[in-house]
$ cat coords.txt   # compact mmCIF, C-alpha atoms
# COMPACT_ATOMS: atom_id res chain seq x y z
CA MET A 1 -12.26 -29.70 18.43
CA ALA A 2 -12.22 -29.23 22.19
CA LYS A 3 -11.64 -32.26 24.39
CA THR A 4 -14.44 -33.32 26.70
CA ILE A 5 -13.99 -33.69 30.44
CA LEU A 6 -16.55 -35.42 32.65
CA VAL A 7 -16.78 -33.75 36.07
CA VAL A 8 -18.43 -35.83 38.81
CA ASP A 9 -19.20 -34.14 42.12
CA ASP A 10 -22.27 -34.01 44.35
CA SER A 11 -21.55 -30.41 45.35
CA PRO A 12 -23.18 -28.00 42.86
CA SER A 13 -20.88 -25.15 43.83
CA ASN A 14 -17.83 -27.34 43.39
CA ARG A 15 -19.01 -28.59 40.00
CA LYS A 16 -19.49 -24.99 38.95
CA MET A 17 -15.97 -24.04 39.98
CA VAL A 18 -14.41 -27.00 38.21
CA GLN A 19 -16.52 -26.39 35.12
CA TYR A 20 -15.55 -22.71 34.98
CA THR A 21 -11.88 -23.53 35.38
CA LEU A 22 -11.86 -26.21 32.69
CA LYS A 23 -13.94 -24.17 30.24
CA SER A 24 -11.59 -21.24 30.68
CA GLY A 25 -8.86 -23.64 29.59
CA GLY A 26 -10.71 -24.44 26.37
CA TYR A 27 -12.26 -27.77 27.35
CA ASP A 28 -15.84 -28.95 26.99
CA VAL A 29 -17.37 -30.11 30.26
CA VAL A 30 -20.08 -32.63 31.06
CA GLU A 31 -21.34 -32.58 34.66
CA ALA A 32 -22.61 -35.45 36.78
CA GLU A 33 -23.98 -35.20 40.32
CA ASP A 34 -22.75 -38.55 41.68
CA GLY A 35 -20.94 -41.71 40.62
CA GLN A 36 -24.01 -43.39 39.20
CA ASP A 37 -24.89 -40.34 37.14
CA GLY A 38 -21.26 -40.09 36.08
CA LEU A 39 -21.13 -43.69 34.90
CA GLU A 40 -24.31 -43.25 32.87
CA LYS A 41 -23.05 -40.05 31.26
CA ALA A 42 -19.63 -41.57 30.58
CA ILE A 43 -21.23 -44.41 28.68
CA LYS A 44 -23.51 -42.00 26.82
CA GLN A 45 -20.69 -39.68 25.76
CA GLN A 46 -17.04 -40.65 25.53
CA ALA A 47 -14.88 -38.31 27.62
CA HIS A 48 -11.16 -37.65 27.24
CA LEU A 49 -10.73 -37.23 30.99
CA VAL A 50 -12.80 -37.87 34.12
CA VAL A 51 -12.45 -35.70 37.23
CA THR A 52 -14.31 -37.17 40.18
CA ASP A 53 -14.98 -36.54 43.84
CA GLN A 54 -14.82 -39.46 46.29
CA ASN A 55 -17.62 -39.04 48.83
CA MET A 56 -20.91 -38.95 46.95
CA PRO A 57 -24.36 -40.49 47.37
CA ARG A 58 -25.43 -43.59 45.38
CA MET A 59 -21.93 -44.32 44.05
CA ASP A 60 -18.63 -43.01 45.39
CA GLY A 61 -15.56 -42.07 43.36
CA LEU A 62 -13.62 -45.29 43.90
CA THR A 63 -16.55 -47.40 42.77
CA LEU A 64 -16.97 -45.15 39.74
CA ILE A 65 -13.32 -45.61 38.81
CA LYS A 66 -13.55 -49.40 39.11
CA SER A 67 -16.72 -49.37 37.02
CA LEU A 68 -15.15 -47.16 34.35
CA ARG A 69 -12.02 -49.31 34.18
CA ALA A 70 -14.28 -52.24 33.41
CA THR A 71 -16.08 -50.26 30.71
CA SER A 72 -15.06 -50.26 27.07
CA GLY A 73 -13.57 -46.91 26.14
CA TYR A 74 -12.40 -46.05 29.66
CA ARG A 75 -9.68 -48.62 30.34
CA SER A 76 -6.91 -46.13 29.58
CA ILE A 77 -8.71 -42.78 29.87
CA PRO A 78 -7.12 -40.59 32.58
CA ILE A 79 -9.15 -40.30 35.78
CA LEU A 80 -8.30 -37.69 38.40
CA MET A 81 -9.64 -37.81 41.93
CA LEU A 82 -10.49 -34.34 43.24
CA THR A 83 -11.45 -34.80 46.86
CA THR A 84 -11.10 -33.65 50.45
CA GLU A 85 -9.79 -37.13 51.26
CA SER A 86 -6.03 -37.00 51.58
CA SER A 87 -4.84 -39.97 53.61
CA ASP A 88 -2.22 -42.33 52.21
CA GLU A 89 -4.67 -45.18 52.71
CA MET A 90 -7.29 -43.52 50.50
CA LYS A 91 -4.72 -42.58 47.87
CA GLY A 92 -3.56 -46.19 47.82
CA ARG A 93 -7.12 -47.36 47.28
CA GLY A 94 -7.50 -44.80 44.50
CA ARG A 95 -4.37 -45.95 42.78
CA ALA A 96 -5.40 -49.59 43.10
CA ALA A 97 -8.81 -48.77 41.63
CA GLY A 98 -7.15 -47.22 38.59
CA ALA A 99 -6.98 -43.50 39.32
CA THR A 100 -4.41 -41.57 37.28
CA GLY A 101 -3.86 -38.90 39.91
CA TRP A 102 -5.07 -37.45 43.19
CA MET A 103 -5.77 -33.78 43.89
CA VAL A 104 -6.84 -32.44 47.27
CA LYS A 105 -9.59 -29.84 47.64
CA PRO A 106 -9.69 -26.93 47.68
CA PHE A 107 -7.96 -26.91 44.32
CA ASP A 108 -6.06 -24.05 42.74
CA PRO A 109 -7.54 -23.32 39.28
CA LYS A 110 -4.17 -22.80 37.58
CA ARG A 111 -2.78 -25.98 39.09
CA LEU A 112 -5.82 -27.98 37.99
CA LEU A 113 -5.40 -26.74 34.42
CA GLU A 114 -1.71 -27.59 34.50
CA ILE A 115 -2.47 -31.14 35.52
CA VAL A 116 -5.25 -31.52 32.97
CA ARG A 117 -2.98 -30.27 30.18
CA LYS A 118 -0.31 -32.67 31.35
CA VAL A 119 -2.56 -35.73 31.16
CA ILE A 120 -4.66 -34.96 28.05
CA GLY A 121 -2.94 -32.02 26.39
CA MET B 122 -10.42 -30.17 61.39
CA GLN B 123 -11.26 -32.26 64.42
CA PRO B 124 -14.63 -31.75 66.09
CA ARG B 125 -14.30 -29.90 69.35
CA PRO B 126 -15.37 -31.85 72.44
CA ASP B 127 -18.72 -30.71 73.76
CA GLU B 128 -17.98 -29.41 77.26
CA SER B 129 -21.64 -29.41 78.18
CA LEU B 130 -21.52 -33.18 77.96
CA SER B 131 -18.56 -33.60 80.27
CA THR B 132 -19.82 -31.66 83.27
CA GLY B 133 -20.87 -34.02 85.98
CA ALA B 134 -24.61 -33.97 86.55
CA PRO B 135 -25.74 -34.43 90.14
CA ASN B 136 -28.87 -36.39 89.25
CA GLY B 137 -27.28 -39.66 88.16
CA ALA B 138 -27.71 -41.45 84.85
CA ALA B 139 -31.21 -40.15 84.21
CA GLY B 140 -30.09 -36.59 84.88
CA ASP B 141 -27.14 -37.05 82.59
CA ALA B 142 -29.39 -38.29 79.84
CA ARG B 143 -31.73 -35.30 80.17
CA LEU B 144 -28.79 -32.92 80.19
CA ARG B 145 -27.31 -34.48 77.13
CA ALA B 146 -30.60 -34.54 75.28
CA HIS B 147 -31.13 -30.86 76.03
CA ALA B 148 -27.65 -29.94 74.91
CA LEU B 149 -27.97 -32.02 71.79
CA ARG B 150 -31.22 -30.35 70.78
CA GLY B 151 -29.37 -27.06 70.94
CA ILE B 152 -26.51 -28.42 68.89
CA ARG B 153 -28.97 -29.68 66.31
CA ARG B 154 -30.61 -26.27 66.01
CA ASP B 155 -27.21 -24.63 65.67
CA LEU B 156 -26.18 -27.08 62.97
CA ASP B 157 -29.36 -26.49 61.01
CA GLN B 158 -28.88 -22.76 61.27
CA LEU B 159 -25.27 -22.98 60.23
CA GLY B 160 -26.17 -25.08 57.23
CA SER B 161 -28.85 -22.63 56.18
CA LEU B 162 -26.56 -19.65 56.60
CA LEU B 163 -23.78 -21.30 54.71
CA GLY B 164 -26.05 -22.25 51.83
CA ASP B 165 -27.40 -18.73 51.63
CA ALA B 166 -23.93 -17.21 51.70
CA VAL B 167 -22.66 -19.46 48.97
CA GLY B 168 -25.73 -18.75 46.86
CA ARG B 169 -25.03 -15.05 47.05
CA LEU B 170 -21.36 -15.53 46.38
CA THR B 171 -22.14 -17.65 43.36
CA ASP B 172 -24.40 -14.97 41.95
CA SER B 173 -21.66 -12.42 42.45
CA PHE B 174 -19.26 -14.73 40.74
CA ASP B 175 -21.53 -15.01 37.69
CA THR B 176 -21.87 -11.25 37.46
CA LEU B 177 -18.16 -10.69 37.86
CA ALA B 178 -17.31 -13.25 35.23
CA THR B 179 -19.72 -11.82 32.67
CA THR B 180 -18.88 -8.17 33.16
CA GLY B 181 -15.20 -8.90 33.40
CA GLU B 182 -15.08 -10.60 30.04
CA ALA B 183 -17.10 -7.82 28.41
CA GLN B 184 -14.85 -5.20 29.93
CA HIS B 185 -11.81 -7.00 28.67
CA ARG B 186 -13.15 -7.06 25.11
CA LEU B 187 -14.01 -3.36 25.24
CA LEU B 188 -10.63 -2.41 26.60
CA VAL B 189 -8.81 -4.45 23.98
CA ALA B 190 -10.85 -2.76 21.26
CA ALA B 191 -10.00 0.64 22.71
CA ALA B 192 -6.33 -0.25 22.96
CA VAL B 193 -5.99 -0.87 19.24
CA ARG B 194 -7.11 2.67 18.52
CA PRO B 195 -4.45 5.41 18.79
CA GLY B 196 -4.47 7.40 21.98
CA THR B 197 -6.51 4.94 23.97
CA THR B 198 -5.58 2.41 26.62
CA ALA B 199 -2.37 0.45 25.95
CA HIS B 200 -2.35 -3.32 25.61
CA ALA B 201 -0.14 -3.64 28.66
CA ASP B 202 -2.69 -1.83 30.79
CA VAL B 203 -5.48 -4.00 29.49
CA ASP B 204 -3.50 -7.14 30.16
CA ALA B 205 -2.65 -5.99 33.66
CA LEU B 206 -6.31 -5.29 34.35
CA HIS B 207 -7.30 -8.66 33.04
CA GLY B 208 -4.58 -10.34 35.07
CA THR B 209 -5.92 -8.74 38.22
CA PHE B 210 -9.38 -9.82 37.29
CA GLU B 211 -8.33 -13.41 36.66
CA SER B 212 -6.54 -13.50 39.97
CA GLY B 213 -9.74 -12.42 41.69
CA ILE B 214 -11.69 -15.11 39.93
CA ALA B 215 -9.15 -17.75 40.91
CA SER B 216 -9.45 -16.65 44.51
CA THR B 217 -13.23 -16.88 44.31
CA VAL B 218 -13.02 -20.35 42.81
CA THR B 219 -10.88 -21.52 45.71
CA ALA B 220 -13.02 -19.84 48.35
CA LEU B 221 -16.27 -21.30 47.09
CA GLN B 222 -15.00 -24.81 47.52
CA PHE B 223 -15.22 -24.44 51.27
CA HIS B 224 -18.96 -24.93 51.01
CA ASP B 225 -18.32 -28.50 50.00
CA ILE B 226 -15.85 -29.03 52.80
CA ALA B 227 -18.01 -27.37 55.41
CA SER B 228 -20.96 -29.45 54.29
CA GLN B 229 -19.01 -32.63 54.89
CA ILE B 230 -17.95 -31.47 58.32
CA LEU B 231 -21.55 -30.64 59.13
CA ALA B 232 -22.63 -34.07 58.00
CA GLN B 233 -20.02 -35.65 60.22
CA LEU B 234 -21.07 -33.55 63.17
CA ALA B 235 -24.67 -34.51 62.55
CA ALA B 236 -23.65 -38.16 62.59
CA ARG B 237 -21.97 -37.62 65.95
CA VAL B 238 -25.08 -35.98 67.28
CA ASP B 239 -27.20 -38.87 66.04
CA VAL B 240 -25.05 -41.28 67.99
CA LEU B 241 -25.22 -39.20 71.16
CA GLU B 242 -28.97 -38.79 70.77
CA ARG B 243 -29.35 -42.54 70.64
CA LEU B 244 -27.16 -42.88 73.70
CA ALA B 245 -29.23 -40.35 75.58
CA ALA B 246 -32.50 -41.92 74.52
CA THR B 247 -31.61 -45.42 75.56
CA ALA B 248 -29.44 -44.45 78.55
CA LEU B 249 -26.86 -46.99 77.47
CA ASP B 250 -23.50 -47.09 79.04
CA ALA B 251 -21.12 -45.07 76.86
CA ASP B 252 -18.38 -47.66 77.18
CA ASP B 253 -20.58 -50.32 75.61
CA ASP B 254 -21.15 -48.14 72.57
CA GLU B 255 -17.66 -46.87 71.98
CA SER B 256 -17.02 -49.29 69.13
CA THR B 257 -20.26 -48.24 67.43
CA VAL B 258 -19.46 -44.59 67.83
CA GLY B 259 -15.99 -45.04 66.39
CA ASN B 260 -17.32 -46.69 63.26
CA GLU B 261 -19.36 -43.63 62.37
CA PHE B 262 -16.27 -41.47 61.89
CA THR B 263 -14.11 -43.40 59.50
CA ARG B 264 -14.18 -40.73 56.79
CA THR B 265 -11.62 -37.97 56.66
CA PRO B 266 -13.46 -35.06 55.05
CA VAL B 267 -10.69 -32.54 55.57
CA PRO B 268 -7.07 -32.67 54.48
CA GLN B 269 -4.73 -34.70 56.67
CA ALA B 270 -1.01 -34.39 57.16
CA SER B 271 -0.03 -36.56 54.19
CA MET B 272 -1.32 -34.10 51.59
CA THR B 273 -2.21 -30.46 51.93
CA ALA B 274 -5.10 -28.68 50.23
CA GLY B 275 -4.43 -28.16 46.55
CA ALA B 276 -1.70 -30.79 46.48
CA VAL B 277 -1.50 -33.00 43.42
CA GLN B 278 -0.03 -36.46 43.01
CA LEU B 279 0.04 -38.29 39.69
CA PHE B 280 0.35 -42.07 39.95
$ encode --input "coords.txt" --output "structure tokens"
Amino acid sequence: MAKTILVVDDSPSNRKMVQYTLKSGGYDVVEAEDGQDGLEKAIKQQAHLVVTDQNMPRMDGLTLIKSLRATSGYRSIPILMLTTESSDEMKGRGRAAGATGWMVKPFDPKRLLEIVRKVIG
Amino acid sequence: MQPRPDESLSTGAPNGAAGDARLRAHALRGIRRDLDQLGSLLGDAVGRLTDSFDTLATTGEAQHRLLVAAAVRPGTTAHADVDALHGTFESGIASTVTALQFHDIASQILAQLAARVDVLERLAATALDADDDESTVGNEFTRTPVPQASMTAGAVQLF
């Protein structure tokens, strides 16, 4: 059975690209359009991995990570930040919030799949 | 990417503060129109590119299946040729995937530029002294929507 990855990004084109890449790697994908939507969908369906953007309306990526880490079923689930943010300060905040890794946009599809396979197999 | 300074705002106006304000307001209206147009053009371009992407993905997969089927029959295309074709195709898709992400990045830059324009519009409207508002202006640009020196695009760091 394919593992499920929750992709959270307010950019429809970006969600599409991430979804295509992950599906081509054999994963099931659930999409969410912002952090709030992502949190609701994460609670509704347990994901094996969460890939989230940072800058989004309603709830940003860091807040989503903190919320997920406080949610049963997501305390040890890998969470990757996929964002245009790349400063050390932001990465530090991501790590402190509980992010598993940080990937800077634009991503390379092969590299994304490599990282996903590394963290969830 | 750092926003370029608007030269039209730095040319000294001969009509004093009120003249400066009118000049800035005029220039800013033009910037606003340009931003709106750029956003519209970018959205349209990405929409078309996405459609092309869908078509390419669908036909590419079908073509791959057909070529594989042909390759297993004697005298038809060899597996190596089929794999090479598919490899080329996948490379093209990967390139498209990367290229399409610039819509997201450009959108963030546009949003940041719009925020700058909002600030300058308020300055022009109220004819406030720019020095008094510098701290307010600075606070509007705390986000870094494009890659900085610490990590390059596509870079990955696992904690």
$ closest_atom_pairs --input "coords.txt" --of "chain A" --to "chain B" --cutoff "12 Å" --atoms "all atoms listed in the file" --output "JSON lines"
{"residue": "A:Asp9", "atom": "CA", "partner": "B:Asp225", "partner_atom": "CA", "distance": 9.7}
{"residue": "A:Asp10", "atom": "CA", "partner": "B:Asp225", "partner_atom": "CA", "distance": 8.8}
{"residue": "A:Ser11", "atom": "CA", "partner": "B:Asp225", "partner_atom": "CA", "distance": 6.0}
{"residue": "A:Pro12", "atom": "CA", "partner": "B:Asp225", "partner_atom": "CA", "distance": 8.7}
{"residue": "A:Ser13", "atom": "CA", "partner": "B:Leu221", "partner_atom": "CA", "distance": 6.8}
{"residue": "A:Asn14", "atom": "CA", "partner": "B:Gln222", "partner_atom": "CA", "distance": 5.6}
{"residue": "A:Arg15", "atom": "CA", "partner": "B:Gln222", "partner_atom": "CA", "distance": 9.3}
{"residue": "A:Lys16", "atom": "CA", "partner": "B:Val218", "partner_atom": "CA", "distance": 8.8}
{"residue": "A:Met17", "atom": "CA", "partner": "B:Val218", "partner_atom": "CA", "distance": 5.5}
{"residue": "A:Val18", "atom": "CA", "partner": "B:Val218", "partner_atom": "CA", "distance": 8.2}
{"residue": "A:Gln19", "atom": "CA", "partner": "B:Val218", "partner_atom": "CA", "distance": 10.4}
{"residue": "A:Tyr20", "atom": "CA", "partner": "B:Val218", "partner_atom": "CA", "distance": 8.6}
{"residue": "A:Thr21", "atom": "CA", "partner": "B:Val218", "partner_atom": "CA", "distance": 8.2}
{"residue": "A:Leu22", "atom": "CA", "partner": "B:Val218", "partner_atom": "CA", "distance": 11.8}
{"residue": "A:Ser24", "atom": "CA", "partner": "B:Glu211", "partner_atom": "CA", "distance": 10.4}
{"residue": "A:Asp53", "atom": "CA", "partner": "B:Asp225", "partner_atom": "CA", "distance": 10.7}
{"residue": "A:Gln54", "atom": "CA", "partner": "B:Pro266", "partner_atom": "CA", "distance": 9.9}
{"residue": "A:Asn55", "atom": "CA", "partner": "B:Pro266", "partner_atom": "CA", "distance": 8.5}
{"residue": "A:Met56", "atom": "CA", "partner": "B:Gln229", "partner_atom": "CA", "distance": 10.3}
{"residue": "A:Pro78", "atom": "CA", "partner": "B:Leu279", "partner_atom": "CA", "distance": 10.3}
{"residue": "A:Ile79", "atom": "CA", "partner": "B:Leu279", "partner_atom": "CA", "distance": 10.2}
{"residue": "A:Leu80", "atom": "CA", "partner": "B:Leu279", "partner_atom": "CA", "distance": 8.5}
{"residue": "A:Met81", "atom": "CA", "partner": "B:Val277", "partner_atom": "CA", "distance": 9.6}
{"residue": "A:Leu82", "atom": "CA", "partner": "B:Val277", "partner_atom": "CA", "distance": 9.1}
{"residue": "A:Thr83", "atom": "CA", "partner": "B:Pro266", "partner_atom": "CA", "distance": 8.4}
{"residue": "A:Thr84", "atom": "CA", "partner": "B:Val267", "partner_atom": "CA", "distance": 5.3}
{"residue": "A:Glu85", "atom": "CA", "partner": "B:Pro266", "partner_atom": "CA", "distance": 5.7}
{"residue": "A:Ser86", "atom": "CA", "partner": "B:Pro268", "partner_atom": "CA", "distance": 5.3}
{"residue": "A:Ser87", "atom": "CA", "partner": "B:Ser271", "partner_atom": "CA", "distance": 5.9}
{"residue": "A:Asp88", "atom": "CA", "partner": "B:Ser271", "partner_atom": "CA", "distance": 6.5}
{"residue": "A:Glu89", "atom": "CA", "partner": "B:Ser271", "partner_atom": "CA", "distance": 9.9}
{"residue": "A:Met90", "atom": "CA", "partner": "B:Thr265", "partner_atom": "CA", "distance": 9.4}
{"residue": "A:Lys91", "atom": "CA", "partner": "B:Gln278", "partner_atom": "CA", "distance": 9.1}
{"residue": "A:Gly92", "atom": "CA", "partner": "B:Phe280", "partner_atom": "CA", "distance": 9.7}
{"residue": "A:Arg93", "atom": "CA", "partner": "B:Phe280", "partner_atom": "CA", "distance": 11.7}
{"residue": "A:Gly94", "atom": "CA", "partner": "B:Phe280", "partner_atom": "CA", "distance": 9.5}
{"residue": "A:Arg95", "atom": "CA", "partner": "B:Phe280", "partner_atom": "CA", "distance": 6.7}
{"residue": "A:Ala96", "atom": "CA", "partner": "B:Phe280", "partner_atom": "CA", "distance": 10.0}
{"residue": "A:Ala97", "atom": "CA", "partner": "B:Phe280", "partner_atom": "CA", "distance": 11.5}
{"residue": "A:Gly98", "atom": "CA", "partner": "B:Phe280", "partner_atom": "CA", "distance": 9.2}
{"residue": "A:Ala99", "atom": "CA", "partner": "B:Phe280", "partner_atom": "CA", "distance": 7.5}
{"residue": "A:Thr100", "atom": "CA", "partner": "B:Phe280", "partner_atom": "CA", "distance": 5.5}
{"residue": "A:Gly101", "atom": "CA", "partner": "B:Leu279", "partner_atom": "CA", "distance": 4.0}
{"residue": "A:Trp102", "atom": "CA", "partner": "B:Gln278", "partner_atom": "CA", "distance": 5.1}
{"residue": "A:Met103", "atom": "CA", "partner": "B:Val277", "partner_atom": "CA", "distance": 4.4}
{"residue": "A:Val104", "atom": "CA", "partner": "B:Gly275", "partner_atom": "CA", "distance": 5.0}
{"residue": "A:Lys105", "atom": "CA", "partner": "B:Ala274", "partner_atom": "CA", "distance": 5.3}
{"residue": "A:Pro106", "atom": "CA", "partner": "B:Gly275", "partner_atom": "CA", "distance": 5.5}
{"residue": "A:Phe107", "atom": "CA", "partner": "B:Gly275", "partner_atom": "CA", "distance": 4.4}
{"residue": "A:Asp108", "atom": "CA", "partner": "B:Gly275", "partner_atom": "CA", "distance": 5.8}
{"residue": "A:Pro109", "atom": "CA", "partner": "B:Ala215", "partner_atom": "CA", "distance": 6.0}
{"residue": "A:Lys110", "atom": "CA", "partner": "B:Ala215", "partner_atom": "CA", "distance": 7.8}
{"residue": "A:Arg111", "atom": "CA", "partner": "B:Gly275", "partner_atom": "CA", "distance": 7.9}
{"residue": "A:Leu112", "atom": "CA", "partner": "B:Val277", "partner_atom": "CA", "distance": 8.6}
{"residue": "A:Leu113", "atom": "CA", "partner": "B:Val277", "partner_atom": "CA", "distance": 11.6}
{"residue": "A:Glu114", "atom": "CA", "partner": "B:Val277", "partner_atom": "CA", "distance": 10.4}
{"residue": "A:Ile115", "atom": "CA", "partner": "B:Val277", "partner_atom": "CA", "distance": 8.2}
{"residue": "A:Val116", "atom": "CA", "partner": "B:Leu279", "partner_atom": "CA", "distance": 10.9}
{"residue": "A:Lys118", "atom": "CA", "partner": "B:Leu279", "partner_atom": "CA", "distance": 10.1}
{"residue": "A:Val119", "atom": "CA", "partner": "B:Leu279", "partner_atom": "CA", "distance": 9.3}
$ residues_around --input "coords.txt" --residues "A:Pro57" --least-positions-apart "5" --cutoff "12 Å" --atoms "all atoms listed in the file" --output "compact mmCIF listing (two decimals) with C-alpha atoms, keeping the file's coordinate frame"
# COMPACT_ATOMS: atom_id res chain seq x y z
CA VAL A 8 -18.43 -35.83 38.81
CA ASP A 9 -19.20 -34.14 42.12
CA ASP A 10 -22.27 -34.01 44.35
CA SER A 11 -21.55 -30.41 45.35
CA ALA A 32 -22.61 -35.45 36.78
CA GLU A 33 -23.98 -35.20 40.32
CA ASP A 34 -22.75 -38.55 41.68
CA GLY A 35 -20.94 -41.71 40.62
CA GLN A 36 -24.01 -43.39 39.20
CA ASP A 37 -24.89 -40.34 37.14
CA GLY A 38 -21.26 -40.09 36.08
CA THR A 63 -16.55 -47.40 42.77
CA LEU A 64 -16.97 -45.15 39.74
$ atom_distance --input "coords.txt" --atom1 "atom CA of B:Ala236" --atom2 "atom CA of A:Thr52"
24.3 Å
$ residues_around --input "coords.txt" --residues "B:Leu149" --least-positions-apart "6" --cutoff "8 Å" --atoms "all atoms listed in the file" --output "PDB file with C-alpha atoms, keeping the file's coordinate frame"
ATOM      1  CA  VAL B 238     -25.080 -35.980  67.280  1.00  0.00           C
ATOM      2  CA  LEU B 241     -25.220 -39.200  71.160  1.00  0.00           C
ATOM      3  CA  GLU B 242     -28.970 -38.790  70.770  1.00  0.00           C
TER       4      GLU B 242
END
$ atom_distance --input "coords.txt" --atom1 "atom CA of B:Asp175" --atom2 "atom CA of B:Glu211"
13.3 Å
$ closest_residue --input "coords.txt" --among "A:Leu68, A:Ala2, A:Ile120, A:Val7" --to "A:Ile43" --atoms "all atoms listed in the file"
A:Leu68
$ atom_distance --input "coords.txt" --atom1 "atom CA of A:Lys44" --atom2 "atom CA of A:Arg75"
15.7 Å
$ closest_residue --input "coords.txt" --among "B:Gly160, B:Arg237, B:Arg194, B:Phe210" --to "B:Thr180" --atoms "only C-alpha atoms"
B:Phe210
$ axis_aligned_box --input "coords.txt" --around "stretch 84-87 of chain A" --padding-each-side "5 Å" --output "JSON"
{"center_x": -8.0, "center_y": -36.8, "center_z": 52.0, "size_x": 16.3, "size_y": 16.3, "size_z": 13.2}
$ closest_residue --input "coords.txt" --among "B:Leu231, B:Leu177, B:Arg186, B:Gly208" --to "B:Asp155" --atoms "all atoms listed in the file"
B:Leu231
